[in-house]
2 protein chains.
Amino acid sequence: MNVTILGNNSALPAFGRHPTAQALSLTGETILLDCGEGTQVQMQHYGIKWGKINHIFISHMHGDHYFGLFGLVNSMSLLGRTEPLHLYAPPALKGIIDQITIAADSHLAYEFYFHPLLEGTNILVDNDRFRVTAFGVEHRITCHGFLIEQKTKGRKLLPERCAEFHIPVDFYDKLKMGQDYMHADGTIIKNELLTADGLSPTRYAYCADTRFTESFMDVIRGADTIYHECTYLQEDEVRATLRFHSTTAQAARIAVIAGAKQLLLGHFSSRYKELDAFQAEAAAIFPNVHVTVEGTTYEI
Amino acid sequence: MNVTILGNNSALPAFGRHPTAQALSLTGETILLDCGEGTQVQMQHYGIKWGKINHIFISHMHGDHYFGLFGLVNSMSLLGRTEPLHLYAPPALKGIIDQITIAADSHLAYEFYFHPLLEGTNILVDNDRFRVTAFGVEHRITCHGFLIEQKTKGRKLLPERCAEFHIPVDFYDKLKMGQDYMHADGTIIKNELLTADGLSPTRYAYCADTRFTESFMDVIRGADTIYHECTYLQEDEVRATLRFHSTTAQAARIAVIAGAKQLLLGHFSSRYKELDAFQAEAAAIFPNVHVTVEGTTYEI
């Protein structure tokens, strides 16, 4: 699993930096996290294929997180998309999309499913490849973060043990899913004799616009990589709190408390042209931190 | 008066070309004509100052002509704008802007005036510097073109005549406005003895998405420069007509019939990577034609 940063600035595009959007690549498909203005052009720029996107998640209704959605959804239709597209977003976005569609006297060439985000923690997608869980963060308006878990292929087979206990090969897939095996004579071979723990799922926590809070720690604890918004340097902590945003030190503390392996920072205020200080301040608290760069892909 | 092209492609951004937007500069201010996605970034790129924009005109409700408006309007507020802003657009845009504003729980820091476009030909702005007239074109949904006329400073004084007829200097401004002068004894000196015709107003006709029609010829006749959409090459005329768009030859014919001095082409389909054929086909009918290039400023 890896994530390509398409926009890492806050509300105002500045210094060549764009509003928020991230493309998360896993098992052959791409999940889009937020979709600021210009996302479709950034995708072209950095080789993100719209055809691989089946799920889009919008954190909240501030424009720098969704003004690029209308153009992208429309372009997918013009480009001949036929696969269904699923959008998970605040309920208010539905009415806006409907009005835009009616005003254009148009319709999309593919099935478009709108899934309104409810308050609190909810599982939005749970298929055999990944699970996405929304969780509430603390912003001026209702805002969600998203935890994306790439599932592994289940338990790890122990081939010698399977041979020893005469397990037929066509039962191996069920062993991976944790089932016991029963011989014709009724003897049951417990799964733990035949398999070992598989790889843990890989987990990415996307903590969109929020001020410092541990309220969602139960959801993101143990995530491999955390993206946390980091609008301000530490000297602007008062401003950050007033505006429901976070600082370098606060984002780094979240990564420490959550026990993450890696921290990505973004959503930088347009008051900062240079971002070196972000790296230094956060690394003093959590060393494995990256001040994200647009167009860069980070392994999770 | 001059116009800077910020976007010259049709619905899909492609080959580095963006959706429609143009910045018309006249007498110290800038008029924005359409506002496709990414316009605010294109403005930064090409040095168009948002502070000089007081009037924005949106031709119709296809997204490639207005999806950049929300971000621009919002950014102006974040950047501290206090001057009023006037938007002239199809009535449906008002409801969309209202929903976006409510969902963000925000308000603009400046006065924002929405002026709904009515069907047909209407004067939208008429001040001492310029006049803007909307006119209907033929598109799949209601769409307007705009005629912008930069006014001149009135009639041209003939100083020797004024001296000869003993006209007081403080009456000169009224002479420029066409008034006669009356001496104390009741003698009237006709204005045409004291002044000559002034410069003609400079006129720019912006013919947004439309198929070939002469229906608005009465409005744009004699315009100095015509911008006409030109989505297709001549070989695609059937497609153009079906989709309510125009070809090279059709755009050039409009310029000939209107008696324009210069023709600008834009709104190119993303099926064309190279645009040389547009120049050749149009120039065969109307020689002073420019296949517009983004970031280029054309004198009108």
# chains A, B, ... in the order shown; residues from 1 in each chain; ligands from 1
>>> select_by_dssp(residues="stretch 259-294 of chain A", states="strand (DSSP E or B)", output="PyMOL selection string")
chain A and resi 262-266+268+289-291
>>> residues_around(residues="B:Ser77", least_positions_apart="3", cutoff="6 Å", atoms="only C-alpha atoms", output="JSON, numbers by chain")
{"B": [74, 80, 81, 108, 109]}
>>> select_by_dssp(residues="stretch 53-121 of chain A", states="helix (DSSP H, G or I)", output="JSON, numbers by chain")
{"A": [63, 64, 65, 69, 70, 71, 72, 73, 74, 75, 76, 77, 78, 92, 93, 94, 95, 96, 97, 98, 99, 100, 101, 102, 103, 104]}
>>> write_last_selection(atoms="C-alpha atoms", output="mmCIF file, in the first residue's frame")
data_model
loop_
_atom_site.group_PDB
_atom_site.id
_atom_site.type_symbol
_atom_site.label_atom_id
_atom_site.label_comp_id
_atom_site.auth_asym_id
_atom_site.auth_seq_id
_atom_site.Cartn_x
_atom_site.Cartn_y
_atom_site.Cartn_z
ATOM 1 C CA GLY A 63 -14.126 23.723 -0.260
ATOM 2 C CA ASP A 64 -10.407 22.991 -0.278
ATOM 3 C CA HIS A 65 -11.354 19.352 0.358
ATOM 4 C CA LEU A 69 -14.875 16.551 -7.134
ATOM 5 C CA PHE A 70 -17.415 17.953 -9.613
ATOM 6 C CA GLY A 71 -14.891 18.173 -12.422
ATOM 7 C CA LEU A 72 -13.413 14.739 -11.751
ATOM 8 C CA VAL A 73 -16.795 12.999 -11.591
ATOM 9 C CA ASN A 74 -17.830 14.738 -14.797
ATOM 10 C CA SER A 75 -14.588 13.946 -16.618
ATOM 11 C CA MET A 76 -14.844 10.246 -15.702
ATOM 12 C CA SER A 77 -18.209 10.226 -17.458
ATOM 13 C CA LEU A 78 -16.905 12.043 -20.542
ATOM 14 C CA ALA A 92 -24.918 18.152 2.279
ATOM 15 C CA LEU A 93 -22.793 17.284 -0.740
ATOM 16 C CA LYS A 94 -25.608 15.246 -2.263
ATOM 17 C CA GLY A 95 -27.865 18.259 -2.744
ATOM 18 C CA ILE A 96 -25.073 20.281 -4.315
ATOM 19 C CA ILE A 97 -24.194 17.527 -6.787
ATOM 20 C CA ASP A 98 -27.871 17.142 -7.660
ATOM 21 C CA GLN A 99 -28.265 20.870 -8.356
ATOM 22 C CA ILE A 100 -25.132 20.938 -10.505
ATOM 23 C CA THR A 101 -26.359 17.936 -12.492
ATOM 24 C CA ILE A 102 -29.826 19.393 -13.014
ATOM 25 C CA ALA A 103 -28.423 22.774 -14.074
ATOM 26 C CA ALA A 104 -26.208 21.098 -16.672
#
>>> closest_atom_pairs(of="stretch 108-216 of chain A", to="stretch 54-60 of chain A", cutoff="7 Å", atoms="only C-alpha atoms", output="JSON lines")
{"residue": "A:Thr142", "atom": "CA", "partner": "A:His60", "partner_atom": "CA", "distance": 6.4}
{"residue": "A:Cys143", "atom": "CA", "partner": "A:His60", "partner_atom": "CA", "distance": 4.7}
{"residue": "A:His144", "atom": "CA", "partner": "A:Ser59", "partner_atom": "CA", "distance": 4.8}
{"residue": "A:Gly145", "atom": "CA", "partner": "A:Ser59", "partner_atom": "CA", "distance": 6.3}
{"residue": "A:Ala208", "atom": "CA", "partner": "A:Ser59", "partner_atom": "CA", "distance": 6.5}
>>> residues_around(residues="B:Thr241", least_positions_apart="3", cutoff="10 Å", atoms="only C-alpha atoms", output="count of residues only")
11
>>> atom_distance(atom1="atom CA of A:Pro90", atom2="atom CA of A:Arg140")
14.1 Å
>>> closest_residue(among="A:Tyr232, A:Tyr272, A:Phe146, A:Phe278", to="A:Pro13", atoms="only C-alpha atoms")
A:Tyr272
>>> residues_around(residues="B:Ile300", least_positions_apart="5", cutoff="8 Å", atoms="only C-alpha atoms", output="NGL selection string")
:B and (1-3 or 202-204 or 224-225 or 262)
>>> residues_around(residues="A:Ile148", least_positions_apart="4", cutoff="9 Å", atoms="only C-alpha atoms", output="list in words")
Phe130, Arg131, Val132, Thr133, Ala134, Thr202, Arg203, Tyr204, Ala205 and Tyr206 of chain A
>>> closest_residue(among="A:Gly186, A:Gly51, A:Gly68, A:Pro201", to="chain B", atoms="only C-alpha atoms")
A:Gly68
>>> residues_around(residues="B:Arg253", least_positions_apart="2", cutoff="10 Å", atoms="only C-alpha atoms", output="list of chain:residue names")
B:Phe212, B:Glu214, B:Thr247, B:Thr248, B:Ala249, B:Gln250, B:Ala251, B:Ala255, B:Val256, B:Ile257, B:Ala258, B:Gly259, B:Ala282, B:Ile285, B:Phe286
>>> write_last_selection(atoms="C-alpha atoms", output="PDB file, in the first residue's frame")
ATOM      1  CA  PHE B 212     -23.139  28.300 -35.774  1.00  0.00           C
ATOM      2  CA  GLU B 214     -26.214  34.482 -36.937  1.00  0.00           C
ATOM      3  CA  THR B 247     -15.943  24.435 -36.242  1.00  0.00           C
ATOM      4  CA  THR B 248     -13.035  26.474 -37.570  1.00  0.00           C
ATOM      5  CA  ALA B 249     -14.851  27.481 -40.738  1.00  0.00           C
ATOM      6  CA  GLN B 250     -17.999  28.399 -38.844  1.00  0.00           C
ATOM      7  CA  ALA B 251     -16.158  30.580 -36.349  1.00  0.00           C
ATOM      8  CA  ALA B 255     -15.938  36.972 -37.959  1.00  0.00           C
ATOM      9  CA  VAL B 256     -16.385  37.745 -41.666  1.00  0.00           C
ATOM     10  CA  ILE B 257     -20.112  38.435 -41.376  1.00  0.00           C
ATOM     11  CA  ALA B 258     -19.621  40.590 -38.252  1.00  0.00           C
ATOM     12  CA  GLY B 259     -16.879  42.620 -39.958  1.00  0.00           C
ATOM     13  CA  ALA B 282      -9.790  29.407 -40.058  1.00  0.00           C
ATOM     14  CA  ILE B 285     -11.601  32.266 -44.461  1.00  0.00           C
ATOM     15  CA  PHE B 286     -10.571  35.013 -42.016  1.00  0.00           C
TER      16      PHE B 286
END
